[in-house]
$ cat work_24.pdb   # PDB, C-alpha atoms
MODEL        1
ATOM      1  CA  MET A   1      16.297  -1.345  -1.980
ATOM      2  CA  ARG A   2      17.820   0.549  -4.859
ATOM      3  CA  ALA A   3      21.008   2.149  -3.676
ATOM      4  CA  GLU A   4      24.251   3.338  -5.194
ATOM      5  CA  LYS A   5      27.445   2.298  -3.474
ATOM      6  CA  LYS A   6      30.620   4.260  -2.974
ATOM      7  CA  GLY A   7      33.295   2.342  -1.137
ATOM      8  CA  GLU A   8      31.727   0.915   1.998
ATOM      9  CA  ALA A   9      28.879   3.451   2.056
ATOM     10  CA  SER A  10      25.609   3.233   0.152
ATOM     11  CA  PHE A  11      23.167   5.948  -0.811
ATOM     12  CA  VAL A  12      19.576   6.358  -1.933
ATOM     13  CA  ARG A  13      18.552   9.262  -4.146
ATOM     14  CA  MET A  14      15.025  10.662  -3.863
ATOM     15  CA  GLY A  15      13.698  14.001  -5.032
ATOM     16  CA  GLY A  16      17.166  15.359  -5.654
ATOM     17  CA  LYS A  17      18.335  14.384  -2.164
ATOM     18  CA  LYS A  18      21.130  11.911  -1.461
ATOM     19  CA  ILE A  19      20.550   9.883   1.706
ATOM     20  CA  ALA A  20      23.372   7.837   3.221
ATOM     21  CA  ILE A  21      22.291   4.329   4.201
ATOM     22  CA  THR A  22      23.994   2.580   7.106
ATOM     23  CA  ASN A  23      23.841  -1.052   8.242
ATOM     24  CA  ALA A  24      21.230  -1.978   5.648
ATOM     25  CA  GLU A  25      21.702  -5.685   6.422
ATOM     26  CA  LYS A  26      20.919  -5.259  10.115
ATOM     27  CA  ILE A  27      17.956  -7.467  11.045
ATOM     28  CA  LEU A  28      15.177  -5.490  12.714
ATOM     29  CA  PHE A  29      12.537  -8.258  12.743
ATOM     30  CA  PRO A  30      14.402 -11.395  13.942
ATOM     31  CA  LYS A  31      11.829 -14.116  13.275
ATOM     32  CA  SER A  32      10.823 -12.636   9.918
ATOM     33  CA  LYS A  33      14.445 -11.903   8.922
ATOM     34  CA  ILE A  34      13.401  -8.445   7.771
ATOM     35  CA  THR A  35      16.308  -6.035   7.588
ATOM     36  CA  LYS A  36      16.668  -2.290   7.858
ATOM     37  CA  GLY A  37      17.294  -2.307   4.122
ATOM     38  CA  ASP A  38      13.910  -3.965   3.625
ATOM     39  CA  LEU A  39      12.280  -1.280   5.766
ATOM     40  CA  ILE A  40      13.969   1.496   3.798
ATOM     41  CA  SER A  41      12.983  -0.118   0.502
ATOM     42  CA  TYR A  42       9.346  -0.297   1.628
ATOM     43  CA  TYR A  43       9.194   3.365   2.587
ATOM     44  CA  GLN A  44      10.939   4.283  -0.649
ATOM     45  CA  LYS A  45       8.224   2.464  -2.632
ATOM     46  CA  ILE A  46       5.238   3.630  -0.587
ATOM     47  CA  ALA A  47       6.332   7.274  -0.204
ATOM     48  CA  ARG A  48       4.263   8.684  -3.075
ATOM     49  CA  PHE A  49       1.099   7.202  -1.559
ATOM     50  CA  MET A  50       1.958   7.970   2.054
ATOM     51  CA  ILE A  51       3.345  11.518   1.902
ATOM     52  CA  PRO A  52       0.081  13.233   0.829
ATOM     53  CA  LYS A  53      -1.619  11.749   3.900
ATOM     54  CA  ILE A  54       0.993  12.893   6.428
ATOM     55  CA  LYS A  55       2.339  16.087   4.866
ATOM     56  CA  ASP A  56       2.631  19.128   7.171
ATOM     57  CA  ARG A  57       1.911  17.075  10.312
ATOM     58  CA  PRO A  58       4.441  16.938  13.160
ATOM     59  CA  VAL A  59       5.898  13.447  13.438
ATOM     60  CA  SER A  60       6.773  11.417  16.517
ATOM     61  CA  MET A  61       9.395   8.871  15.499
ATOM     62  CA  LEU A  62       9.044   5.425  17.092
ATOM     63  CA  ARG A  63      12.572   4.052  16.712
ATOM     64  CA  TYR A  64      14.056   0.578  17.211
ATOM     65  CA  PRO A  65      17.803   0.913  16.542
ATOM     66  CA  ASN A  66      18.473  -2.607  17.887
ATOM     67  CA  GLY A  67      15.447  -4.274  16.326
ATOM     68  CA  ILE A  68      11.997  -5.015  17.685
ATOM     69  CA  GLN A  69      13.291  -7.557  20.201
ATOM     70  CA  GLN A  70      14.543  -4.544  22.183
ATOM     71  CA  GLU A  71      12.316  -1.829  23.582
ATOM     72  CA  GLY A  72      11.813   1.076  21.206
ATOM     73  CA  PHE A  73      11.538   4.749  22.062
ATOM     74  CA  PHE A  74       9.729   7.826  20.806
ATOM     75  CA  GLN A  75      11.823  10.686  19.513
ATOM     76  CA  LYS A  76       9.979  13.962  19.081
ATOM     77  CA  ASN A  77      12.766  16.519  18.899
ATOM     78  CA  VAL A  78      14.886  16.812  15.752
ATOM     79  CA  SER A  79      18.516  15.910  16.443
ATOM     80  CA  GLU A  80      21.292  18.372  15.617
ATOM     81  CA  PHE A  81      22.683  16.030  12.973
ATOM     82  CA  PHE A  82      19.489  16.023  10.880
ATOM     83  CA  PRO A  83      20.130  17.516   7.434
ATOM     84  CA  SER A  84      18.971  21.090   6.872
ATOM     85  CA  TRP A  85      16.652  20.079   4.012
ATOM     86  CA  ILE A  86      14.298  18.256   6.383
ATOM     87  CA  LYS A  87      11.383  20.525   7.220
ATOM     88  CA  VAL A  88      10.607  21.065  10.900
ATOM     89  CA  LYS A  89       7.923  22.680  13.038
ATOM     90  CA  ALA A  90       8.767  24.467  16.286
ATOM     91  CA  ILE A  91       6.175  23.555  18.930
ATOM     92  CA  GLU A  92       5.842  25.831  21.957
ATOM     93  CA  ARG A  93       5.232  24.177  25.330
ATOM     94  CA  LYS A  94       4.052  25.886  28.498
ATOM     95  CA  GLY A  95       6.814  26.056  31.071
ATOM     96  CA  GLN A  96       9.198  24.064  28.894
ATOM     97  CA  GLU A  97      11.536  24.627  26.005
ATOM     98  CA  GLU A  98      10.014  24.387  22.572
ATOM     99  CA  ILE A  99      10.605  21.226  20.574
ATOM    100  CA  ARG A 100      11.384  21.053  16.881
ATOM    101  CA  MET A 101       9.476  18.227  15.224
ATOM    102  CA  VAL A 102       9.916  16.645  11.803
ATOM    103  CA  LEU A 103       7.449  17.392   9.021
ATOM    104  CA  CYS A 104       7.595  14.418   6.701
ATOM    105  CA  ASN A 105       6.814  16.294   3.502
ATOM    106  CA  GLU A 106       8.817  14.318   0.963
ATOM    107  CA  GLY A 107       9.937  10.774   0.298
ATOM    108  CA  ALA A 108      13.547  11.587   1.083
ATOM    109  CA  THR A 109      12.566  12.456   4.666
ATOM    110  CA  LEU A 110      10.691   9.178   5.023
ATOM    111  CA  VAL A 111      13.740   7.238   3.835
ATOM    112  CA  TYR A 112      16.040   9.232   6.118
ATOM    113  CA  LEU A 113      13.876   8.361   9.129
ATOM    114  CA  ALA A 114      13.779   4.688   8.116
ATOM    115  CA  ASN A 115      17.578   4.671   8.087
ATOM    116  CA  LEU A 116      17.378   5.780  11.742
ATOM    117  CA  ALA A 117      15.267   2.652  12.350
ATOM    118  CA  CYS A 118      12.136   4.734  12.735
ATOM    119  CA  ILE A 119       9.834   1.812  12.073
ATOM    120  CA  THR A 120       6.583   3.598  12.879
ATOM    121  CA  PRO A 121       5.979   7.310  12.277
ATOM    122  CA  HIS A 122       3.078   8.685  14.305
ATOM    123  CA  VAL A 123       1.476  11.938  13.188
ATOM    124  CA  TRP A 124      -0.519  14.756  14.734
ATOM    125  CA  LEU A 125      -4.204  15.219  13.949
ATOM    126  CA  SER A 126      -3.561  18.845  12.979
ATOM    127  CA  ARG A 127      -1.365  20.469  10.356
ATOM    128  CA  GLN A 128       1.506  22.788  11.130
ATOM    129  CA  ASP A 129      -0.134  25.991   9.847
ATOM    130  CA  LYS A 130      -3.086  25.738  12.279
ATOM    131  CA  ILE A 131      -1.685  23.493  14.956
ATOM    132  CA  ASP A 132      -4.462  24.004  17.550
ATOM    133  CA  TYR A 133      -7.261  23.015  15.160
ATOM    134  CA  PRO A 134      -7.390  19.358  14.095
ATOM    135  CA  ASP A 135      -8.542  18.379  10.633
ATOM    136  CA  ARG A 136      -8.897  14.728  11.614
ATOM    137  CA  MET A 137     -10.768  12.966  14.375
ATOM    138  CA  ILE A 138      -9.799   9.383  15.206
ATOM    139  CA  PHE A 139     -11.581   6.506  16.884
ATOM    140  CA  ASP A 140      -9.373   3.539  17.767
ATOM    141  CA  LEU A 141     -11.379   0.317  17.975
ATOM    142  CA  ASP A 142      -9.527  -1.966  20.375
ATOM    143  CA  PRO A 143     -10.705  -5.613  20.597
ATOM    144  CA  PRO A 144     -11.040  -7.412  23.944
ATOM    145  CA  GLY A 145      -8.679 -10.184  22.833
ATOM    146  CA  LYS A 146      -7.599 -12.483  20.038
ATOM    147  CA  GLY A 147     -10.289 -13.824  17.763
ATOM    148  CA  ALA A 148     -12.468 -10.748  18.218
ATOM    149  CA  PHE A 149     -11.770  -8.988  14.935
ATOM    150  CA  GLY A 150     -15.314  -9.707  13.816
ATOM    151  CA  LEU A 151     -16.510  -7.555  16.716
ATOM    152  CA  VAL A 152     -14.058  -4.844  15.633
ATOM    153  CA  GLN A 153     -15.563  -4.806  12.145
ATOM    154  CA  GLU A 154     -19.085  -4.815  13.530
ATOM    155  CA  GLY A 155     -18.216  -1.874  15.761
ATOM    156  CA  ALA A 156     -16.655   0.011  12.858
ATOM    157  CA  LYS A 157     -19.814  -0.352  10.800
ATOM    158  CA  ALA A 158     -22.016   0.686  13.737
ATOM    159  CA  LEU A 159     -19.850   3.727  14.394
ATOM    160  CA  ARG A 160     -19.913   4.653  10.724
ATOM    161  CA  LYS A 161     -23.708   4.464  10.767
ATOM    162  CA  VAL A 162     -23.810   6.974  13.616
ATOM    163  CA  LEU A 163     -21.216   9.316  12.106
ATOM    164  CA  GLU A 164     -22.527   9.304   8.561
ATOM    165  CA  GLY A 165     -26.179   8.328   8.870
ATOM    166  CA  GLU A 166     -27.103  10.383  11.929
ATOM    167  CA  LEU A 167     -24.490  13.116  12.285
ATOM    168  CA  GLY A 168     -23.765  14.019   8.665
ATOM    169  CA  LEU A 169     -20.017  13.389   8.798
ATOM    170  CA  LYS A 170     -17.786  11.152   6.673
ATOM    171  CA  ALA A 171     -15.787   8.237   8.053
ATOM    172  CA  PHE A 172     -12.811   6.432   6.554
ATOM    173  CA  VAL A 173     -11.417   3.136   7.834
ATOM    174  CA  MET A 174      -7.906   1.744   8.227
ATOM    175  CA  THR A 175      -6.374  -1.379   9.719
ATOM    176  CA  THR A 176      -3.935  -0.406  12.449
ATOM    177  CA  GLY A 177      -1.460  -3.141  11.569
ATOM    178  CA  SER A 178      -1.679  -4.177  15.210
ATOM    179  CA  LYS A 179      -4.993  -5.371  16.708
ATOM    180  CA  GLY A 180      -7.878  -3.235  15.529
ATOM    181  CA  LEU A 181      -9.205  -0.604  13.173
ATOM    182  CA  HIS A 182      -9.061   3.179  13.090
ATOM    183  CA  LEU A 183     -11.968   5.295  11.924
ATOM    184  CA  VAL A 184     -10.792   8.667  10.642
ATOM    185  CA  VAL A 185     -13.206  11.580  10.252
ATOM    186  CA  PRO A 186     -11.968  14.560   8.163
ATOM    187  CA  LEU A 187     -12.869  17.902   9.758
ATOM    188  CA  LYS A 188     -13.060  21.520   8.794
ATOM    189  CA  ARG A 189     -10.651  23.412  10.992
ATOM    190  CA  ASP A 190     -13.228  25.428  12.941
ATOM    191  CA  ALA A 191     -13.079  23.588  16.278
ATOM    192  CA  ASP A 192     -10.099  23.266  18.620
ATOM    193  CA  PHE A 193      -8.871  20.053  20.212
ATOM    194  CA  ASP A 194     -10.951  20.445  23.363
ATOM    195  CA  LEU A 195     -14.167  20.732  21.359
ATOM    196  CA  VAL A 196     -13.255  17.854  19.060
ATOM    197  CA  ARG A 197     -12.295  15.556  21.919
ATOM    198  CA  GLY A 198     -15.491  16.374  23.767
ATOM    199  CA  PHE A 199     -17.520  15.619  20.665
ATOM    200  CA  ALA A 200     -15.658  12.338  20.051
ATOM    201  CA  LYS A 201     -16.423  11.281  23.631
ATOM    202  CA  LYS A 202     -20.132  11.939  23.105
ATOM    203  CA  VAL A 203     -20.143   9.829  19.920
ATOM    204  CA  ALA A 204     -18.364   6.958  21.670
ATOM    205  CA  ASP A 205     -20.691   7.244  24.680
ATOM    206  CA  LEU A 206     -23.705   7.113  22.371
ATOM    207  CA  LEU A 207     -22.607   3.843  20.807
ATOM    208  CA  ALA A 208     -21.797   2.339  24.215
ATOM    209  CA  LYS A 209     -25.163   3.497  25.601
ATOM    210  CA  ARG A 210     -27.068   1.879  22.745
ATOM    211  CA  GLU A 211     -25.293  -1.477  22.885
ATOM    212  CA  PRO A 212     -23.603  -1.721  26.299
ATOM    213  CA  GLU A 213     -23.124  -5.480  25.976
ATOM    214  CA  LYS A 214     -20.874  -4.985  22.919
ATOM    215  CA  TYR A 215     -19.179  -1.596  23.272
ATOM    216  CA  THR A 216     -17.521   0.362  26.051
ATOM    217  CA  THR A 217     -15.589   3.562  26.714
ATOM    218  CA  GLU A 218     -14.140   2.129  29.935
ATOM    219  CA  HIS A 219     -10.437   3.005  30.152
ATOM    220  CA  ARG A 220      -9.537   0.213  32.567
ATOM    221  CA  ILE A 221      -8.933  -3.083  30.802
ATOM    222  CA  ASN A 222     -10.288  -5.179  33.677
ATOM    223  CA  LYS A 223     -13.617  -3.332  33.407
ATOM    224  CA  ARG A 224     -14.118  -3.886  29.677
ATOM    225  CA  LYS A 225     -14.868  -7.613  29.929
ATOM    226  CA  LYS A 226     -15.477  -8.928  26.391
ATOM    227  CA  ARG A 227     -16.547  -5.604  24.936
ATOM    228  CA  LEU A 228     -14.971  -3.529  22.180
ATOM    229  CA  PHE A 229     -13.216  -0.425  23.525
ATOM    230  CA  ILE A 230     -14.159   2.724  21.585
ATOM    231  CA  ASP A 231     -11.060   4.828  22.236
ATOM    232  CA  TYR A 232     -11.590   8.536  21.562
ATOM    233  CA  LEU A 233      -8.684   9.737  23.741
ATOM    234  CA  ARG A 234      -6.257  10.430  20.893
ATOM    235  CA  ASN A 235      -8.281  13.510  19.974
ATOM    236  CA  ALA A 236      -6.241  15.894  22.104
ATOM    237  CA  TYR A 237      -3.500  18.428  21.497
ATOM    238  CA  ALA A 238      -0.099  16.780  20.883
ATOM    239  CA  GLN A 239      -1.609  13.297  20.697
ATOM    240  CA  THR A 240      -0.796  11.236  17.626
ATOM    241  CA  GLY A 241      -2.122   8.390  15.522
ATOM    242  CA  VAL A 242      -0.201   5.801  13.557
ATOM    243  CA  ALA A 243       0.458   7.174  10.080
ATOM    244  CA  PRO A 244      -1.373   5.583   7.141
ATOM    245  CA  TYR A 245       0.935   2.995   5.501
ATOM    246  CA  ALA A 246       3.265   2.996   8.521
ATOM    247  CA  VAL A 247       4.984  -0.258   9.491
ATOM    248  CA  ARG A 248       4.319  -1.652  12.966
ATOM    249  CA  ALA A 249       7.027  -3.091  15.175
ATOM    250  CA  LEU A 250       5.622  -6.610  15.047
ATOM    251  CA  GLU A 251       6.914  -9.760  13.388
ATOM    252  CA  GLY A 252       5.990  -9.880   9.725
ATOM    253  CA  ALA A 253       6.134  -6.072   9.569
ATOM    254  CA  PRO A 254       2.368  -5.453   9.195
ATOM    255  CA  VAL A 255       1.291  -1.989   8.090
ATOM    256  CA  ALA A 256      -1.569   0.411   8.761
ATOM    257  CA  ALA A 257      -3.639   0.021   5.603
ATOM    258  CA  PRO A 258      -6.300   2.481   4.387
ATOM    259  CA  LEU A 259      -9.330   0.483   3.222
ATOM    260  CA  ALA A 260     -12.576   0.853   1.338
ATOM    261  CA  TRP A 261     -15.590   0.012   3.489
ATOM    262  CA  SER A 262     -16.391  -2.883   1.148
ATOM    263  CA  GLU A 263     -13.132  -4.529   2.229
ATOM    264  CA  LEU A 264     -14.417  -5.284   5.709
ATOM    265  CA  THR A 265     -14.888  -9.009   5.179
ATOM    266  CA  PRO A 266     -14.475 -12.150   7.315
ATOM    267  CA  GLU A 267     -11.088 -12.760   5.666
ATOM    268  CA  LEU A 268      -9.664  -9.421   6.775
ATOM    269  CA  THR A 269      -7.439  -9.106   9.853
ATOM    270  CA  ALA A 270      -5.662  -6.133  11.373
ATOM    271  CA  GLN A 271      -2.416  -7.507   9.906
ATOM    272  CA  THR A 272      -3.580  -8.597   6.442
ATOM    273  CA  TYR A 273      -1.260  -6.050   4.833
ATOM    274  CA  HIS A 274       2.489  -5.875   5.385
ATOM    275  CA  ILE A 275       5.624  -4.508   3.760
ATOM    276  CA  LYS A 276       5.713  -7.320   1.201
ATOM    277  CA  ASN A 277       2.199  -6.940  -0.220
ATOM    278  CA  MET A 278       1.294  -3.303   0.457
ATOM    279  CA  PRO A 279       3.364  -1.653  -2.325
ATOM    280  CA  GLU A 280       1.717  -3.824  -4.996
ATOM    281  CA  ARG A 281      -1.735  -3.169  -3.507
ATOM    282  CA  ALA A 282      -1.110   0.582  -3.555
ATOM    283  CA  LEU A 283      -0.043   0.441  -7.191
ATOM    284  CA  LYS A 284      -2.958  -1.661  -8.404
ATOM    285  CA  LYS A 285      -5.864  -0.462  -6.247
ATOM    286  CA  LYS A 286      -7.592   2.893  -6.425
ATOM    287  CA  ASP A 287      -6.794   4.934  -3.332
ATOM    288  CA  PRO A 288      -9.677   4.254  -0.893
ATOM    289  CA  TRP A 289      -8.886   7.529   0.891
ATOM    290  CA  ALA A 290      -8.702   9.668  -2.263
ATOM    291  CA  LYS A 291     -11.677  11.810  -1.162
ATOM    292  CA  LEU A 292     -10.689  12.146   2.498
ATOM    293  CA  ASN A 293      -9.625  15.817   2.432
ATOM    294  CA  ALA A 294     -12.512  16.835   0.190
ATOM    295  CA  SER A 295     -14.952  15.221   2.653
ATOM    296  CA  ALA A 296     -14.124  17.504   5.586
ATOM    297  CA  CYS A 297     -17.160  18.597   7.615
ATOM    298  CA  SER A 298     -17.780  20.853  10.597
ATOM    299  CA  ILE A 299     -18.784  19.283  13.902
ATOM    300  CA  CYS A 300     -20.844  22.318  14.957
ATOM    301  CA  GLN A 301     -24.206  21.029  13.752
ATOM    302  CA  ALA A 302     -23.232  17.422  14.456
ATOM    303  CA  GLU A 303     -22.618  18.273  18.117
ATOM    304  CA  LYS A 304     -26.171  19.543  18.511
ATOM    305  CA  ARG A 305     -27.475  16.331  16.962
ATOM    306  CA  VAL A 306     -25.397  14.040  19.174
ATOM    307  CA  ASP A 307     -26.594  15.899  22.281
ATOM    308  CA  LEU A 308     -30.203  15.229  21.247
ATOM    309  CA  LEU A 309     -29.456  11.578  20.542
ATOM    310  CA  LEU A 310     -27.858  11.149  23.977
ATOM    311  CA  GLU A 311     -30.962  12.590  25.619
ATOM    312  CA  GLU A 312     -33.309  10.115  23.922
TER     313      GLU A 312
ENDMDL
END
$ encode --input "work_24.pdb" --output "structure tokens"
Amino acid sequence: MRAEKKGEASFVRMGGKKIAITNAEKILFPKSKITKGDLISYYQKIARFMIPKIKDRPVSMLRYPNGIQQEGFFQKNVSEFFPSWIKVKAIERKGQEEIRMVLCNEGATLVYLANLACITPHVWLSRQDKIDYPDRMIFDLDPPGKGAFGLVQEGAKALRKVLEGELGLKAFVMTTGSKGLHLVVPLKRDADFDLVRGFAKKVADLLAKREPEKYTTEHRINKRKKRLFIDYLRNAYAQTGVAPYAVRALEGAPVAAPLAWSELTPELTAQTYHIKNMPERALKKKDPWAKLNASACSICQAEKRVDLLLEE
């Protein structure tokens, strides 16, 4: 981590902002000996690749002030001590006070959150200017256990075939950094969360109907058996997905890595990429999600098609 020191304090400068760094040597990942300073350094390096993919989206901060050996917590509301230069979005809630959520629109904000031991930022599927209309739809492919990542990849390819080959949408893939893969579908903002979630359920049901021995939409773990869970439930108002390039609170500090479809190989795992190898990958490899925003489609026609496919 590049930081300037003044007395006992240290600072990072990004985009004209000066961020105070505290307890940089504190170990957050005990077995891996990865410190808070290492986490901050990672987000400092990856910011220019990460910010365009999370800009203008409310952020839920998954924080681990005492390291990952202790239970973390989600912080949604901006604290009073947050600097005024951090952009926020006021979210109204029925019957409750509004909350003010971070918009991580610049690298300095990302570094500031990392200094709070926000290991994993999670972001909304909609942007702040049209908060009720998502521009991303997510499918979380959750394996039935260890050693089943081949099934995850197979499911991702099958789901892509439905989305792109039969429904006319575009699908992008990302390791979660945890157990599975995310498929992200860019959307035109002409359908609200209820419509998008309903559509996502139909797509997941279609795949499970076609190959019930491999895929399931069963919520209860004890009912899934050895099948891949096609989780569409994140496609709802105020739900979040792990941010692209975000670090996960697991030993080795794996990250959520955007991929090209050609990178789904037998060698790949959900934790292939981590804070030590991701910055170099981002620098050397063409962005596999470069065309994500330009690929946005409407689900209106696709919904009619999926209804017909379900009836067959």
$ axis_aligned_box --input "work_24.pdb" --around "region 66-78 of chain A" --padding-each-side "3 Å" --output "lines of an AutoDock Vina configuration file"
center_x = 14.1
center_y = 4.6
center_z = 19.7
size_x = 14.7
size_y = 30.4
size_z = 13.8
$ residues_around --input "work_24.pdb" --residues "Val242 (chain A)" --least-positions-apart "4" --cutoff "7 Å" --atoms "only C-alpha atoms" --output "list of chain:residue names"
A:Pro121, A:His122, A:Val123, A:Ala246
$ write_last_selection --input "work_24.pdb" --atoms "C-alpha atoms" --output "PDB file, keeping the file's coordinate frame"
ATOM      1  CA  PRO A 121       5.979   7.310  12.277  1.00  0.00           C
ATOM      2  CA  HIS A 122       3.078   8.685  14.305  1.00  0.00           C
ATOM      3  CA  VAL A 123       1.476  11.938  13.188  1.00  0.00           C
ATOM      4  CA  ALA A 246       3.265   2.996   8.521  1.00  0.00           C
TER       5      ALA A 246
END
$ resolve_selection --input "work_24.pdb" --expression "the PyMOL selection byres ((chain A and resi 235-238) around 6)" --output "list in words"
Phe193, Arg197, Leu233, Arg234 and Gln239 of chain A
$ closest_residue --input "work_24.pdb" --among "A:Val185, A:Leu141, A:Ala24, A:Ala290" --to "Thr217 (chain A)" --atoms "only C-alpha atoms"
A:Leu141
$ atom_distance --input "work_24.pdb" --atom1 "CA of Glu211 (chain A)" --atom2 "CA of Gln271 (chain A)"
27.0 Å
$ closest_atom_pairs --input "work_24.pdb" --of "region 16-79 of chain A" --to "region 278-287 of chain A" --cutoff "9 Å" --atoms "only C-alpha atoms" --output "CSV"
residue,atom,partner,partner_atom,distance
A:Tyr42,CA,A:Pro279,CA,7.3
A:Lys45,CA,A:Pro279,CA,6.4
A:Ile46,CA,A:Pro279,CA,5.9
A:Phe49,CA,A:Ala282,CA,7.3
$ residues_around --input "work_24.pdb" --residues "Gly72 (chain A)" --least-positions-apart "3" --cutoff "10 Å" --atoms "only C-alpha atoms" --output "PyMOL selection string"
chain A and resi 61-69+75+117-119+249
$ atom_distance --input "work_24.pdb" --atom1 "CA of Ala253 (chain A)" --atom2 "CA of Ala171 (chain A)"
26.2 Å
$ atom_distance --input "work_24.pdb" --atom1 "CA of Phe11 (chain A)" --atom2 "CA of Tyr273 (chain A)"
27.8 Å
$ resolve_selection --input "work_24.pdb" --expression "the PyMOL selection byres ((chain A and resi 48) around 12)" --output "JSON list (two decimals) with C-alpha atoms, in the coordinates of the input"
[["chain", "number", "residue", "atom", "x", "y", "z"],
["A", 14, "MET", "CA", 15.02, 10.66, -3.86],
["A", 15, "GLY", "CA", 13.70, 14.00, -5.03],
["A", 42, "TYR", "CA", 9.35, -0.30, 1.63],
["A", 43, "TYR", "CA", 9.19, 3.36, 2.59],
["A", 44, "GLN", "CA", 10.94, 4.28, -0.65],
["A", 45, "LYS", "CA", 8.22, 2.46, -2.63],
["A", 46, "ILE", "CA", 5.24, 3.63, -0.59],
["A", 47, "ALA", "CA", 6.33, 7.27, -0.20],
["A", 49, "PHE", "CA", 1.10, 7.20, -1.56],
["A", 50, "MET", "CA", 1.96, 7.97, 2.05],
["A", 51, "ILE", "CA", 3.34, 11.52, 1.90],
["A", 52, "PRO", "CA", 0.08, 13.23, 0.83],
["A", 53, "LYS", "CA", -1.62, 11.75, 3.90],
["A", 54, "ILE", "CA", 0.99, 12.89, 6.43],
["A", 55, "LYS", "CA", 2.34, 16.09, 4.87],
["A", 104, "CYS", "CA", 7.60, 14.42, 6.70],
["A", 105, "ASN", "CA", 6.81, 16.29, 3.50],
["A", 106, "GLU", "CA", 8.82, 14.32, 0.96],
["A", 107, "GLY", "CA", 9.94, 10.77, 0.30],
["A", 108, "ALA", "CA", 13.55, 11.59, 1.08],
["A", 109, "THR", "CA", 12.57, 12.46, 4.67],
["A", 110, "LEU", "CA", 10.69, 9.18, 5.02],
["A", 111, "VAL", "CA", 13.74, 7.24, 3.84],
["A", 245, "TYR", "CA", 0.94, 3.00, 5.50],
["A", 279, "PRO", "CA", 3.36, -1.65, -2.33],
["A", 282, "ALA", "CA", -1.11, 0.58, -3.56],
["A", 283, "LEU", "CA", -0.04, 0.44, -7.19],
["A", 287, "ASP", "CA", -6.79, 4.93, -3.33]]
$ closest_residue --input "work_24.pdb" --among "A:Glu164, A:Gly252, A:Leu151, A:Phe172" --to "Phe29 (chain A)" --atoms "all atoms listed in the file"
A:Gly252
$ build_atoms --input "work_24.pdb" --residues "region 74-87 of chain A" --atoms "N, CA and C atoms" --output "CSV table (one decimal), keeping the file's coordinate frame"
chain,number,residue,atom,x,y,z
A,74,PHE,N,10.2,6.7,21.6
A,74,PHE,CA,9.7,7.8,20.8
A,74,PHE,C,10.7,9.0,20.8
A,75,GLN,N,11.0,9.5,19.6
A,75,GLN,CA,11.8,10.7,19.5
A,75,GLN,C,11.0,11.8,18.9
A,76,LYS,N,10.8,12.9,19.6
A,76,LYS,CA,10.0,14.0,19.1
A,76,LYS,C,10.8,15.1,18.6
A,77,ASN,N,11.9,15.4,19.2
A,77,ASN,CA,12.8,16.5,18.9
A,77,ASN,C,13.7,16.1,17.8
A,78,VAL,N,13.9,17.0,16.8
A,78,VAL,CA,14.9,16.8,15.8
A,78,VAL,C,16.3,16.9,16.3
A,79,SER,N,17.1,15.9,16.0
A,79,SER,CA,18.5,15.9,16.4
A,79,SER,C,19.3,16.9,15.7
A,80,GLU,N,20.4,17.4,16.3
A,80,GLU,CA,21.3,18.4,15.6
A,80,GLU,C,21.9,17.9,14.3
A,81,PHE,N,22.0,16.6,14.2
A,81,PHE,CA,22.7,16.0,13.0
A,81,PHE,C,21.7,15.9,11.8
A,82,PHE,N,20.4,16.1,12.0
A,82,PHE,CA,19.5,16.0,10.9
A,82,PHE,C,19.9,17.0,9.8
A,83,PRO,N,19.8,16.6,8.5
A,83,PRO,CA,20.1,17.5,7.4
A,83,PRO,C,19.2,18.7,7.4
A,84,SER,N,19.7,19.8,6.9
A,84,SER,CA,19.0,21.1,6.9
A,84,SER,C,17.8,21.1,5.9
A,85,TRP,N,17.8,20.1,5.0
A,85,TRP,CA,16.7,20.1,4.0
A,85,TRP,C,15.4,19.4,4.6
A,86,ILE,N,15.5,18.8,5.7
A,86,ILE,CA,14.3,18.3,6.4
A,86,ILE,C,13.5,19.4,7.0
A,87,LYS,N,12.2,19.5,6.7
A,87,LYS,CA,11.4,20.5,7.2
A,87,LYS,C,11.0,20.2,8.7
